[in-house]
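Colleague: Take a look at start_32.txt, compact mmCIF, C-alpha atoms:
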```txt
# COMPACT_ATOMS: atom_id res chain seq x y z
CA MET A 1 25.54 -187.01 147.65
CA LEU A 2 23.55 -190.05 148.80
CA ASP A 3 20.40 -188.80 147.08
CA LYS A 4 22.36 -188.39 143.84
CA LEU A 5 23.68 -191.95 144.15
CA ILE A 6 20.16 -193.31 144.69
CA HIS A 7 18.87 -191.32 141.73
CA TRP A 8 21.74 -192.45 139.49
CA SER A 9 21.33 -196.12 140.42
CA THR A 10 17.67 -196.16 139.39
CA ARG A 11 17.87 -193.82 136.38
CA TYR A 12 20.79 -195.68 134.79
CA MET A 13 19.95 -199.18 135.99
CA ALA A 14 19.77 -200.50 132.41
CA VAL A 15 23.37 -199.41 131.82
CA GLY A 16 24.47 -201.06 135.06
CA VAL A 17 22.70 -204.29 134.14
CA MET A 18 24.39 -204.36 130.71
CA ILE A 19 27.79 -203.86 132.35
CA ALA A 20 26.94 -206.67 134.78
CA GLY A 21 26.12 -208.92 131.82
CA PHE A 22 29.49 -208.26 130.16
CA LEU A 23 31.32 -208.87 133.45
CA GLY A 24 29.45 -212.16 133.83
CA ILE A 25 30.74 -213.31 130.44
CA LEU A 26 34.30 -212.11 131.07
CA PHE A 27 34.61 -213.42 134.64
CA PRO A 28 32.15 -216.32 134.96
CA ALA A 29 33.82 -218.01 137.93
CA ALA A 30 33.58 -214.91 140.13
CA MET A 31 29.79 -214.88 140.60
CA LYS A 32 28.81 -218.56 140.40
CA PRO A 33 29.04 -219.14 144.20
CA TYR A 34 26.59 -216.29 144.89
CA ALA A 35 23.68 -217.59 142.79
CA ARG A 36 22.20 -219.36 145.81
CA PHE A 37 21.60 -216.00 147.52
CA ILE A 38 19.32 -214.62 144.77
CA PRO A 39 16.02 -215.87 146.31
CA THR A 40 16.98 -214.23 149.62
CA LEU A 41 17.88 -210.95 147.91
CA LEU A 42 14.62 -211.03 145.97
CA GLY A 43 12.77 -211.51 149.26
CA ILE A 44 14.44 -208.36 150.59
CA ILE A 45 13.21 -206.46 147.52
CA MET A 46 9.66 -207.64 148.19
CA PHE A 47 10.07 -206.65 151.84
CA GLY A 48 11.03 -203.18 150.59
CA MET A 49 7.97 -203.11 148.36
CA GLY A 50 5.82 -203.94 151.39
CA MET A 51 7.46 -201.11 153.35
CA SER A 52 6.54 -198.66 150.58
CA LEU A 53 2.83 -199.58 150.66
CA LYS A 54 0.33 -197.62 152.72
CA ALA A 55 -3.30 -198.02 153.73
CA GLU A 56 -4.16 -195.59 150.94
CA ASP A 57 -2.90 -198.09 148.37
CA PHE A 58 -5.39 -200.69 149.60
CA ARG A 59 -8.19 -198.13 149.59
CA ASN A 60 -7.38 -197.32 145.96
CA VAL A 61 -8.11 -200.95 145.06
CA PHE A 62 -11.66 -200.61 146.39
CA ARG A 63 -12.13 -197.17 144.86
CA ASP A 64 -11.52 -198.50 141.37
CA PRO A 65 -11.96 -202.29 141.56
CA ARG A 66 -12.95 -202.59 137.91
CA SER A 67 -9.66 -201.20 136.60
CA VAL A 68 -7.60 -203.28 139.05
CA ALA A 69 -9.52 -206.43 138.10
CA VAL A 70 -9.04 -205.71 134.39
CA GLY A 71 -5.33 -205.17 135.04
CA ALA A 72 -5.03 -208.54 136.80
CA ILE A 73 -6.86 -210.35 134.01
CA LEU A 74 -4.76 -208.72 131.30
CA GLN A 75 -1.53 -209.36 133.21
CA PHE A 76 -2.16 -213.08 133.61
CA THR A 77 -3.57 -213.68 130.12
CA ILE A 78 -1.72 -211.49 127.61
CA MET A 79 1.87 -212.15 128.73
CA PRO A 80 1.50 -215.93 129.28
CA LEU A 81 -0.27 -216.37 125.91
CA LEU A 82 2.37 -214.27 124.16
CA ALA A 83 5.07 -216.41 125.78
CA TYR A 84 3.42 -219.58 124.47
CA VAL A 85 3.12 -218.14 120.95
CA LEU A 86 6.73 -216.94 120.89
CA VAL A 87 8.34 -220.17 122.12
CA THR A 88 6.22 -222.09 119.59
CA VAL A 89 6.83 -219.84 116.58
CA LEU A 90 10.56 -219.40 117.32
CA ALA A 91 10.91 -223.13 118.13
CA LEU A 92 13.03 -222.39 121.19
CA PRO A 93 14.72 -225.34 122.91
CA PRO A 94 13.03 -226.31 126.23
CA GLU A 95 15.83 -225.02 128.49
CA ILE A 96 15.49 -221.55 126.92
CA ALA A 97 11.74 -221.60 126.28
CA ILE A 98 10.99 -222.11 129.96
CA GLY A 99 12.65 -218.77 130.67
CA VAL A 100 10.31 -216.93 128.30
CA VAL A 101 7.35 -218.73 129.88
CA LEU A 102 8.54 -217.81 133.38
CA VAL A 103 8.76 -214.13 132.45
CA GLY A 104 5.29 -214.25 130.91
CA CYS A 105 3.68 -215.87 133.94
CA CYS A 106 5.20 -213.56 136.58
CA PRO A 107 3.40 -210.45 137.88
CA GLY A 108 4.45 -206.90 137.09
CA GLY A 109 7.46 -205.49 138.91
CA THR A 110 8.00 -202.35 140.95
CA ALA A 111 9.85 -200.74 138.02
CA SER A 112 6.44 -200.28 136.38
CA ASN A 113 5.42 -197.90 139.18
CA VAL A 114 8.49 -195.72 138.57
CA ILE A 115 7.92 -195.66 134.81
CA SER A 116 4.22 -194.84 135.38
CA PHE A 117 5.23 -191.85 137.51
CA ILE A 118 7.61 -190.57 134.83
CA ALA A 119 5.00 -191.13 132.09
CA HIS A 120 2.34 -189.07 133.96
CA ALA A 121 0.21 -192.21 134.16
CA ASP A 122 -2.23 -193.15 136.93
CA VAL A 123 0.37 -194.06 139.55
CA ALA A 124 -2.24 -195.09 142.14
CA LEU A 125 -3.67 -197.62 139.68
CA SER A 126 -0.18 -198.85 138.78
CA VAL A 127 0.72 -199.44 142.44
CA SER A 128 -2.64 -201.13 143.09
CA MET A 129 -2.20 -203.48 140.12
CA THR A 130 1.37 -204.37 141.11
CA MET A 131 0.26 -205.05 144.67
CA VAL A 132 -2.76 -207.19 143.76
CA ASN A 133 -0.92 -209.14 141.03
CA THR A 134 2.00 -209.79 143.39
CA ILE A 135 -0.38 -211.15 146.04
CA LEU A 136 -2.01 -213.39 143.42
CA ALA A 137 1.32 -214.57 141.98
CA PRO A 138 2.04 -217.46 144.41
CA PHE A 139 -1.15 -219.15 143.29
CA ILE A 140 -1.54 -218.10 139.64
CA THR A 141 2.07 -218.03 138.40
CA PRO A 142 2.92 -221.72 139.10
CA LEU A 143 -0.43 -222.83 137.68
CA LEU A 144 0.14 -220.90 134.45
CA ILE A 145 3.67 -222.27 134.12
CA TYR A 146 2.33 -225.79 134.61
CA LEU A 147 -0.45 -225.31 132.04
CA ILE A 148 1.90 -223.91 129.39
CA ALA A 149 5.07 -225.92 129.94
CA GLY A 150 3.93 -228.94 131.98
CA THR A 151 3.80 -231.21 128.92
CA TRP A 152 7.46 -230.74 127.96
CA ILE A 153 9.25 -230.06 131.24
CA GLU A 154 8.85 -231.41 134.77
CA ILE A 155 7.28 -228.88 137.13
CA SER A 156 6.63 -229.21 140.86
CA LEU A 157 3.48 -227.13 141.26
CA SER A 158 3.16 -227.20 145.07
CA SER A 159 6.89 -226.65 145.65
CA MET A 160 6.94 -223.64 143.34
CA MET A 161 3.88 -222.15 145.04
CA PHE A 162 5.56 -222.51 148.43
CA SER A 163 8.76 -220.91 147.11
CA ILE A 164 6.90 -217.88 145.73
CA VAL A 165 5.05 -217.53 149.04
CA LYS A 166 8.43 -217.46 150.83
CA MET A 167 10.14 -215.17 148.31
CA VAL A 168 7.26 -212.82 147.51
CA LEU A 169 4.15 -212.96 149.69
CA LEU A 170 5.68 -213.42 153.15
CA PRO A 171 8.29 -210.63 152.77
CA LEU A 172 5.59 -208.35 151.34
CA ILE A 173 3.37 -208.93 154.38
CA LEU A 174 6.29 -208.41 156.76
CA GLY A 175 7.14 -205.14 155.00
CA LEU A 176 3.53 -203.99 155.32
CA ALA A 177 3.52 -204.85 159.02
CA SER A 178 6.80 -203.02 159.57
CA ASN A 179 5.46 -199.90 157.90
CA TYR A 180 2.28 -200.08 159.99
CA PHE A 181 3.93 -200.59 163.38
CA PHE A 182 7.23 -198.72 162.86
CA PRO A 183 6.57 -195.99 160.25
CA ARG A 184 9.37 -193.66 161.39
CA THR A 185 12.02 -196.36 161.31
CA VAL A 186 10.78 -197.65 157.95
CA SER A 187 10.89 -194.16 156.41
CA ARG A 188 14.63 -194.05 157.08
CA PHE A 189 15.29 -197.24 155.16
CA SER A 190 12.66 -197.14 152.39
CA ARG A 191 14.57 -194.48 150.43
CA PHE A 192 17.42 -196.97 149.93
CA MET A 193 15.21 -199.71 148.47
CA PRO A 194 15.24 -198.51 144.83
CA MET A 195 19.04 -198.54 144.90
CA PHE A 196 19.09 -201.96 146.55
CA SER A 197 16.59 -203.30 143.99
CA SER A 198 18.87 -202.12 141.18
CA PHE A 199 21.80 -203.82 142.87
CA VAL A 200 19.92 -207.13 143.19
CA ILE A 201 18.92 -207.09 139.52
CA MET A 202 22.57 -206.54 138.58
CA VAL A 203 23.70 -209.41 140.81
CA THR A 204 21.00 -211.65 139.33
CA VAL A 205 22.14 -210.85 135.79
CA LEU A 206 25.77 -211.45 136.79
CA CYS A 207 24.94 -214.86 138.22
CA VAL A 208 22.71 -215.96 135.34
CA VAL A 209 25.26 -214.90 132.73
CA SER A 210 28.11 -216.50 134.68
CA LEU A 211 26.28 -219.83 134.79
CA SER A 212 25.13 -219.80 131.17
CA GLY A 213 27.61 -217.73 129.16
CA ARG A 214 27.94 -220.38 126.43
CA THR A 215 24.19 -220.53 125.90
CA ILE A 216 24.03 -216.74 125.61
CA LEU A 217 26.76 -216.72 122.98
CA ASP A 218 24.99 -219.48 121.02
CA HIS A 219 21.35 -218.35 121.37
CA GLY A 220 21.56 -214.77 122.63
CA LEU A 221 20.15 -213.16 119.49
CA VAL A 222 17.00 -215.29 119.30
CA ILE A 223 16.40 -214.81 123.05
CA LEU A 224 16.77 -211.05 122.59
CA VAL A 225 14.23 -211.13 119.74
CA ALA A 226 11.81 -213.14 121.90
CA VAL A 227 12.21 -210.72 124.83
CA ILE A 228 11.68 -207.61 122.68
CA LEU A 229 8.60 -209.06 120.96
CA HIS A 230 7.25 -210.25 124.31
CA ASN A 231 7.62 -206.87 125.99
CA LEU A 232 6.43 -204.69 123.09
CA GLY A 233 3.59 -207.10 122.30
CA GLY A 234 2.45 -206.98 125.92
CA MET A 235 2.56 -203.18 126.01
CA ALA A 236 0.68 -202.88 122.70
CA LEU A 237 -2.05 -205.36 123.65
CA GLY A 238 -2.35 -203.85 127.14
CA HIS A 239 -2.79 -200.43 125.53
CA LEU A 240 -5.44 -201.66 123.09
CA ALA A 241 -7.34 -203.57 125.76
CA ALA A 242 -7.36 -200.58 128.13
CA ARG A 243 -8.75 -198.37 125.37
CA ARG A 244 -11.36 -201.02 124.59
CA PHE A 245 -12.52 -200.72 128.22
CA SER A 246 -12.85 -196.92 127.71
CA MET A 247 -10.27 -196.02 130.35
CA THR A 248 -8.88 -192.52 130.78
CA PRO A 249 -5.57 -191.71 129.02
CA GLN A 250 -3.72 -191.89 132.37
CA LYS A 251 -5.16 -195.33 133.10
CA VAL A 252 -4.36 -196.51 129.58
CA ARG A 253 -0.74 -195.53 130.15
CA ALA A 254 -0.61 -197.32 133.50
CA MET A 255 -2.14 -200.46 131.96
CA THR A 256 0.26 -200.36 129.01
CA ILE A 257 3.26 -200.20 131.33
CA GLU A 258 1.98 -202.67 133.91
CA VAL A 259 1.12 -205.40 131.40
CA GLY A 260 4.40 -205.13 129.48
CA MET A 261 6.84 -204.82 132.41
CA GLN A 262 7.35 -208.02 134.38
CA ASN A 263 9.01 -209.05 137.64
CA SER A 264 11.91 -210.52 135.68
CA GLY A 265 13.98 -210.96 138.84
CA LEU A 266 11.41 -213.47 140.10
CA ALA A 267 11.51 -215.25 136.73
CA SER A 268 15.29 -215.63 136.89
CA ALA A 269 15.18 -216.76 140.52
CA LEU A 270 12.61 -219.46 139.71
CA ALA A 271 14.71 -220.60 136.76
CA LEU A 272 17.79 -221.02 138.94
CA MET A 273 15.79 -222.81 141.65
CA TYR A 274 13.72 -225.21 139.54
CA PHE A 275 15.16 -225.44 136.04
CA THR A 276 18.53 -224.39 134.59
CA ALA A 277 20.60 -221.23 134.49
CA ALA A 278 19.81 -221.01 130.78
CA GLY A 279 16.17 -220.58 131.79
CA GLY A 280 17.13 -217.40 133.59
CA ILE A 281 18.59 -215.73 130.50
CA ALA A 282 15.24 -214.40 129.26
CA GLY A 283 14.59 -212.81 132.66
CA ALA A 284 18.08 -211.29 132.74
CA ILE A 285 17.70 -209.74 129.28
CA PHE A 286 14.14 -208.65 130.09
CA SER A 287 15.52 -206.77 133.13
CA VAL A 288 17.52 -204.58 130.78
CA TRP A 289 15.12 -204.27 127.88
CA HIS A 290 11.88 -203.43 129.71
CA ASN A 291 13.59 -200.51 131.45
CA VAL A 292 14.76 -199.23 128.06
CA SER A 293 11.36 -199.62 126.38
CA GLY A 294 9.54 -198.30 129.45
CA SER A 295 11.74 -195.20 129.55
CA LEU A 296 11.20 -194.59 125.83
CA TYR A 297 7.44 -194.93 126.27
CA ALA A 298 7.53 -192.53 129.24
CA SER A 299 9.47 -189.98 127.16
CA TYR A 300 6.88 -190.29 124.40
CA CYS A 301 4.06 -189.69 126.91
CA VAL A 302 5.77 -186.64 128.43
CA GLY A 303 6.42 -185.22 124.97
CA LYS A 304 2.79 -185.75 124.04
CA ASP A 305 1.63 -183.94 127.20
CA GLU A 306 3.96 -181.01 126.49
CA GLU A 307 2.63 -180.81 122.93
CA MET A 308 -0.96 -180.81 124.19
CA GLY A 309 -0.07 -178.12 126.72
CA GLU A 310 1.41 -175.91 124.02
CA ARG A 311 -1.73 -176.35 121.90
CA GLU A 312 -3.95 -175.33 124.82
CA GLU A 313 -1.81 -172.26 125.48
CA THR A 314 -1.89 -171.11 121.86
CA ALA A 315 -5.57 -171.91 121.22
CA PRO A 316 -6.93 -168.66 122.84
CA LEU A 317 -4.52 -166.61 120.76
CA HIS A 318 -5.96 -168.05 117.55
CA VAL A 319 -9.47 -167.35 118.74
CA LYS A 320 -8.54 -163.80 119.60
CA SER A 321 -6.92 -163.15 116.23
CA HIS A 322 -10.14 -164.11 114.42
CA SER A 323 -12.39 -161.94 116.56
```
Could you show the structure in this file as structure tokens?
Modeller:
Amino acid sequence: MLDKLIHWSTRYMAVGVMIAGFLGILFPAAMKPYARFIPTLLGIIMFGMGMSLKAEDFRNVFRDPRSVAVGAILQFTIMPLLAYVLVTVLALPPEIAIGVVLVGCCPGGTASNVISFIAHADVALSVSMTMVNTILAPFITPLLIYLIAGTWIEISLSSMMFSIVKMVLLPLILGLASNYFFPRTVSRFSRFMPMFSSFVIMVTVLCVVSLSGRTILDHGLVILVAVILHNLGGMALGHLAARRFSMTPQKVRAMTIEVGMQNSGLASALALMYFTAAGGIAGAIFSVWHNVSGSLYASYCVGKDEEMGEREETAPLHVKSHS
């Protein structure tokens, strides 16, 4: 029963997040007091990510450093540049535009690893890219945000770096240490982390929507358009760039997913901490949309593999019939 609940919570997370969004609009006062706990909950997610990592994941980085390096470069160039283009072309107001920028400057999230597994992508590469980009995030993410949005909104570079270290890097390291020193104990709890991650994303969406329901009603459509274009543009450019670097089909899939799927929970948390709740809307919507687009892409990849398998099975029969 518990395994079914864990499976359901991750498989249908997008549905749960949408329900959370509607509840946030209908009952805004209910969740407002809990917004201050989001950074702590995000830290627990990153702790869980650390617990899921093994020495093998670090070895994979050194086995294929070129692909991991390309992934990091694409992650921190394509999505930030797309964010800048979108907020400029769509002429988004600053309090909303900062949310799109935050999403673009954050690293990939753990959801990309799940989607990569479903899509028959190179999961080892996906995990390695998520891990490396997450470690780089405390230093690169605030700098990118400052470079893109520093001229039209006040940004505390050092304070944001310190916050990401506390929310992301420190919990990740503690999770790694826990898995190294107490592997048996960690194995009992790690299976619950996907369900807990889904729960935190839902709570984040609830809080963001509760605090900025009026803005969503007024600007929700244009934010949705920006999020969809951001995500699909990132996936498309990640795919093209990976093919340009002559990567295997499995690596191309992993790169496509990793570049387009962001740690939107971190984006929303930073918006609530340093800007306005309206800045967290893009991250909240991204949390729903990238799981939908990622799942559709994974289904396409699986279908393509099945089609290729059928062709390989029938090919000898054709040869035989002509002999």
Colleague: In Å, with one decimal, what is the gap from CA of Ala119 (chain A) to CA of Lys304 (chain A)?
Modeller: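 It comes out at 9.9 Å.
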Colleague: Using all atoms listed in the file, which residue out of A:Leu237, A:Leu23, A:Val123, A:Leu92 lies closest to Thr77 (chain A)?
Modeller: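 Between A:Leu237, A:Leu23, A:Val123, A:Leu92, the residue approaching Thr77 (chain A) most closely is A:Leu237.
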Colleague: In Å, with one decimal, what is the gap from CA of Phe27 (chain A) to CA of Val222 (chain A)?
Modeller: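 CA of Val222 (chain A) lies at a distance of 23.4 Å from CA of Phe27 (chain A).
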Colleague: Select, from A:Leu86, A:Leu81, A:Ile135, A:Val70, the residue with the minimum atom-to-atom distance to Pro171 (chain A), counting all atoms listed in the file.
Modeller: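 Using all atoms listed in the file, the shortest distance to Pro171 (chain A) belongs to A:Ile135.
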Colleague: Can you tell me which residues surround region 104-115 of chain A at a distance of at most 7 Å, considering only C-alpha atoms, apart from same-chain residues fewer than 4 positions away, and format the answer as a list of chain:residue names?
Modeller: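 Residues meeting the cut-off are A:Gln75, A:Phe76, A:Met79, A:Pro80, A:Ala83, A:Val100, A:Ala119, A:Val123, A:Ser126, A:Val127, A:Thr130, A:Asn133, A:Thr134, A:Ala137, A:Thr141, A:Leu144, A:Ile145, A:Ile257, A:Glu258, A:Val259, A:Met261, A:Gln262, A:Asn263, A:Ala267, A:Gly294, A:Ser295, A:Ala298.
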Colleague: I'd like to know which of A:Ala30, A:Met308, A:Ala91, A:Ile78 is closest to Ile223 (chain A), using all atoms listed in the file.
Modeller: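 Ranking A:Ala30, A:Met308, A:Ala91, A:Ile78 by distance to Ile223 (chain A), first place goes to A:Ala91.
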Colleague: What is the CA of Arg253 (chain A) to CA of Ala121 (chain A) distance in Å?
Modeller: 5.3 Å
Colleague: Name all residues at most 9 Å from Ser287 (chain A) (count only C-alpha atoms; drop same-chain ones fewer than 3 positions away) and give them as an MDAnalysis selection string.
Modeller: chainID A and resid 14 17 201:202 205 261:265 282:284 290:291
Colleague: When distances are computed from all atoms listed in the file, which of A:Leu90, A:Val186, A:Val85, A:Val132 shows the smallest separation from Pro65 (chain A)?
Modeller: A:Val132
Colleague: Counting all atoms listed in the file, what is within 12 Å of Asp218 (chain A), bar same-chain residues fewer than 6 positions away, as a list in words?
Modeller: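 Everything that qualifies: Pro93, Ile96, Ser212, Leu224 and Ala278 of chain A.
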Colleague: Please identify all polymer residues lying at most 9 Å from the point (15.5, -202.4, 142.7) (file coordinates), using all atoms listed in the file, and present the result as a ChimeraX atom specification.
Modeller: /A:9-10,13,45,110-111,193-201
Colleague: Any chance you could export the current selection's C-alpha atoms as a PDB file, keeping the file's coordinate frame?
Modeller:
```pdb
ATOM      1  CA  SER A   9      21.330-196.120 140.420  1.00  0.00           C
ATOM      2  CA  THR A  10      17.670-196.160 139.390  1.00  0.00           C
ATOM      3  CA  MET A  13      19.950-199.180 135.990  1.00  0.00           C
ATOM      4  CA  ILE A  45      13.210-206.460 147.520  1.00  0.00           C
ATOM      5  CA  THR A 110       8.000-202.350 140.950  1.00  0.00           C
ATOM      6  CA  ALA A 111       9.850-200.740 138.020  1.00  0.00           C
ATOM      7  CA  MET A 193      15.210-199.710 148.470  1.00  0.00           C
ATOM      8  CA  PRO A 194      15.240-198.510 144.830  1.00  0.00           C
ATOM      9  CA  MET A 195      19.040-198.540 144.900  1.00  0.00           C
ATOM     10  CA  PHE A 196      19.090-201.960 146.550  1.00  0.00           C
ATOM     11  CA  SER A 197      16.590-203.300 143.990  1.00  0.00           C
ATOM     12  CA  SER A 198      18.870-202.120 141.180  1.00  0.00           C
ATOM     13  CA  PHE A 199      21.800-203.820 142.870  1.00  0.00           C
ATOM     14  CA  VAL A 200      19.920-207.130 143.190  1.00  0.00           C
ATOM     15  CA  ILE A 201      18.920-207.090 139.520  1.00  0.00           C
TER      16      ILE A 201
END
```
Colleague: Mind checking which residues fall within 10 Å of Ser158 (chain A), counting all atoms listed in the file, ignoring those fewer than 3 positions away in the same chain, and posting them as a CSV table (one decimal) with C-alpha atoms, keeping the file's coordinate frame?
Modeller:
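The new file selection21.csv reads:
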```csv
chain,number,residue,atom,x,y,z
A,138,PRO,CA,2.0,-217.5,144.4
A,139,PHE,CA,-1.2,-219.2,143.3
A,142,PRO,CA,2.9,-221.7,139.1
A,143,LEU,CA,-0.4,-222.8,137.7
A,155,ILE,CA,7.3,-228.9,137.1
A,161,MET,CA,3.9,-222.2,145.0
A,162,PHE,CA,5.6,-222.5,148.4
A,163,SER,CA,8.8,-220.9,147.1
```
Colleague: With distances taken over all atoms listed in the file, which residue among A:Leu82, A:Leu211, A:Leu41, A:Ala97 lies nearest Met235 (chain A)?
Modeller: A:Leu82
Colleague: Any idea what's packed within 12 Å of Met247 (chain A), counting all atoms listed in the file, ignoring anything in its chain fewer than 3 positions away? Could you give it as a compact mmCIF listing (two decimals) with C-alpha atoms, in the frame of the given file?
Modeller:
```
# COMPACT_ATOMS: atom_id res chain seq x y z
CA ASP A 64 -11.52 -198.50 141.37
CA ARG A 66 -12.95 -202.59 137.91
CA SER A 67 -9.66 -201.20 136.60
CA VAL A 68 -7.60 -203.28 139.05
CA VAL A 70 -9.04 -205.71 134.39
CA GLY A 71 -5.33 -205.17 135.04
CA ALA A 121 0.21 -192.21 134.16
CA ASP A 122 -2.23 -193.15 136.93
CA LEU A 125 -3.67 -197.62 139.68
CA GLY A 238 -2.35 -203.85 127.14
CA HIS A 239 -2.79 -200.43 125.53
CA LEU A 240 -5.44 -201.66 123.09
CA ALA A 241 -7.34 -203.57 125.76
CA ALA A 242 -7.36 -200.58 128.13
CA ARG A 243 -8.75 -198.37 125.37
CA ARG A 244 -11.36 -201.02 124.59
CA GLN A 250 -3.72 -191.89 132.37
CA LYS A 251 -5.16 -195.33 133.10
CA VAL A 252 -4.36 -196.51 129.58
CA ARG A 253 -0.74 -195.53 130.15
CA ALA A 254 -0.61 -197.32 133.50
CA MET A 255 -2.14 -200.46 131.96
CA THR A 256 0.26 -200.36 129.01
```
Colleague: Between A:Thr204, A:Ser190, A:Asn60, A:Asn179, single out the one closest to Met18 (chain A), counting only C-alpha atoms.
Modeller: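 Closest residue, counting only C-alpha atoms: A:Thr204.
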Colleague: Using all atoms listed in the file, list the residues that have an atom at most 12 Å from (3.7, -199.7, 151.3), coordinates as in the file, as a ChimeraX atom specification.
Modeller: /A:46-58,110,124,127-128,130-131,171-180,183,186-187,190,193
Colleague: Produce region 226-238 of chain A of the given structure as output with N, CA and C atoms, as a PDB file, in the first residue's frame.
Modeller:
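Result went into out-v9.pdb, see below:
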```pdb
ATOM      1  N   ALA A 226       4.902  32.401 -21.081  1.00  0.00           N
ATOM      2  CA  ALA A 226       6.339  32.543 -20.852  1.00  0.00           C
ATOM      3  C   ALA A 226       6.945  31.237 -20.349  1.00  0.00           C
ATOM      4  N   VAL A 227       6.260  30.568 -19.432  1.00  0.00           N
ATOM      5  CA  VAL A 227       6.758  29.311 -18.863  1.00  0.00           C
ATOM      6  C   VAL A 227       6.836  28.224 -19.930  1.00  0.00           C
ATOM      7  N   ILE A 228       5.782  28.092 -20.744  1.00  0.00           N
ATOM      8  CA  ILE A 228       5.761  27.061 -21.778  1.00  0.00           C
ATOM      9  C   ILE A 228       6.865  27.293 -22.805  1.00  0.00           C
ATOM     10  N   LEU A 229       7.000  28.540 -23.261  1.00  0.00           N
ATOM     11  CA  LEU A 229       8.049  28.865 -24.236  1.00  0.00           C
ATOM     12  C   LEU A 229       9.444  28.650 -23.648  1.00  0.00           C
ATOM     13  N   HIS A 230       9.591  28.995 -22.367  1.00  0.00           N
ATOM     14  CA  HIS A 230      10.869  28.827 -21.678  1.00  0.00           C
ATOM     15  C   HIS A 230      11.265  27.352 -21.625  1.00  0.00           C
ATOM     16  N   ASN A 231      10.346  26.535 -21.174  1.00  0.00           N
ATOM     17  CA  ASN A 231      10.612  25.105 -21.022  1.00  0.00           C
ATOM     18  C   ASN A 231      10.845  24.418 -22.373  1.00  0.00           C
ATOM     19  N   LEU A 232       9.935  24.616 -23.313  1.00  0.00           N
ATOM     20  CA  LEU A 232      10.059  23.957 -24.614  1.00  0.00           C
ATOM     21  C   LEU A 232      11.265  24.485 -25.391  1.00  0.00           C
ATOM     22  N   GLY A 233      11.529  25.796 -25.258  1.00  0.00           N
ATOM     23  CA  GLY A 233      12.711  26.361 -25.909  1.00  0.00           C
ATOM     24  C   GLY A 233      13.982  25.775 -25.348  1.00  0.00           C
ATOM     25  N   GLY A 234      14.039  25.610 -24.029  1.00  0.00           N
ATOM     26  CA  GLY A 234      15.206  25.013 -23.390  1.00  0.00           C
ATOM     27  C   GLY A 234      15.428  23.574 -23.823  1.00  0.00           C
ATOM     28  N   MET A 235      14.333  22.802 -23.892  1.00  0.00           N
ATOM     29  CA  MET A 235      14.442  21.408 -24.316  1.00  0.00           C
ATOM     30  C   MET A 235      14.903  21.317 -25.767  1.00  0.00           C
ATOM     31  N   ALA A 236      14.331  22.163 -26.630  1.00  0.00           N
ATOM     32  CA  ALA A 236      14.678  22.126 -28.054  1.00  0.00           C
ATOM     33  C   ALA A 236      16.139  22.519 -28.280  1.00  0.00           C
ATOM     34  N   LEU A 237      16.576  23.591 -27.625  1.00  0.00           N
ATOM     35  CA  LEU A 237      17.964  24.040 -27.801  1.00  0.00           C
ATOM     36  C   LEU A 237      18.951  23.063 -27.166  1.00  0.00           C
ATOM     37  N   GLY A 238      18.560  22.477 -26.026  1.00  0.00           N
ATOM     38  CA  GLY A 238      19.400  21.454 -25.401  1.00  0.00           C
ATOM     39  C   GLY A 238      19.561  20.248 -26.308  1.00  0.00           C
TER      40      GLY A 238
END
```
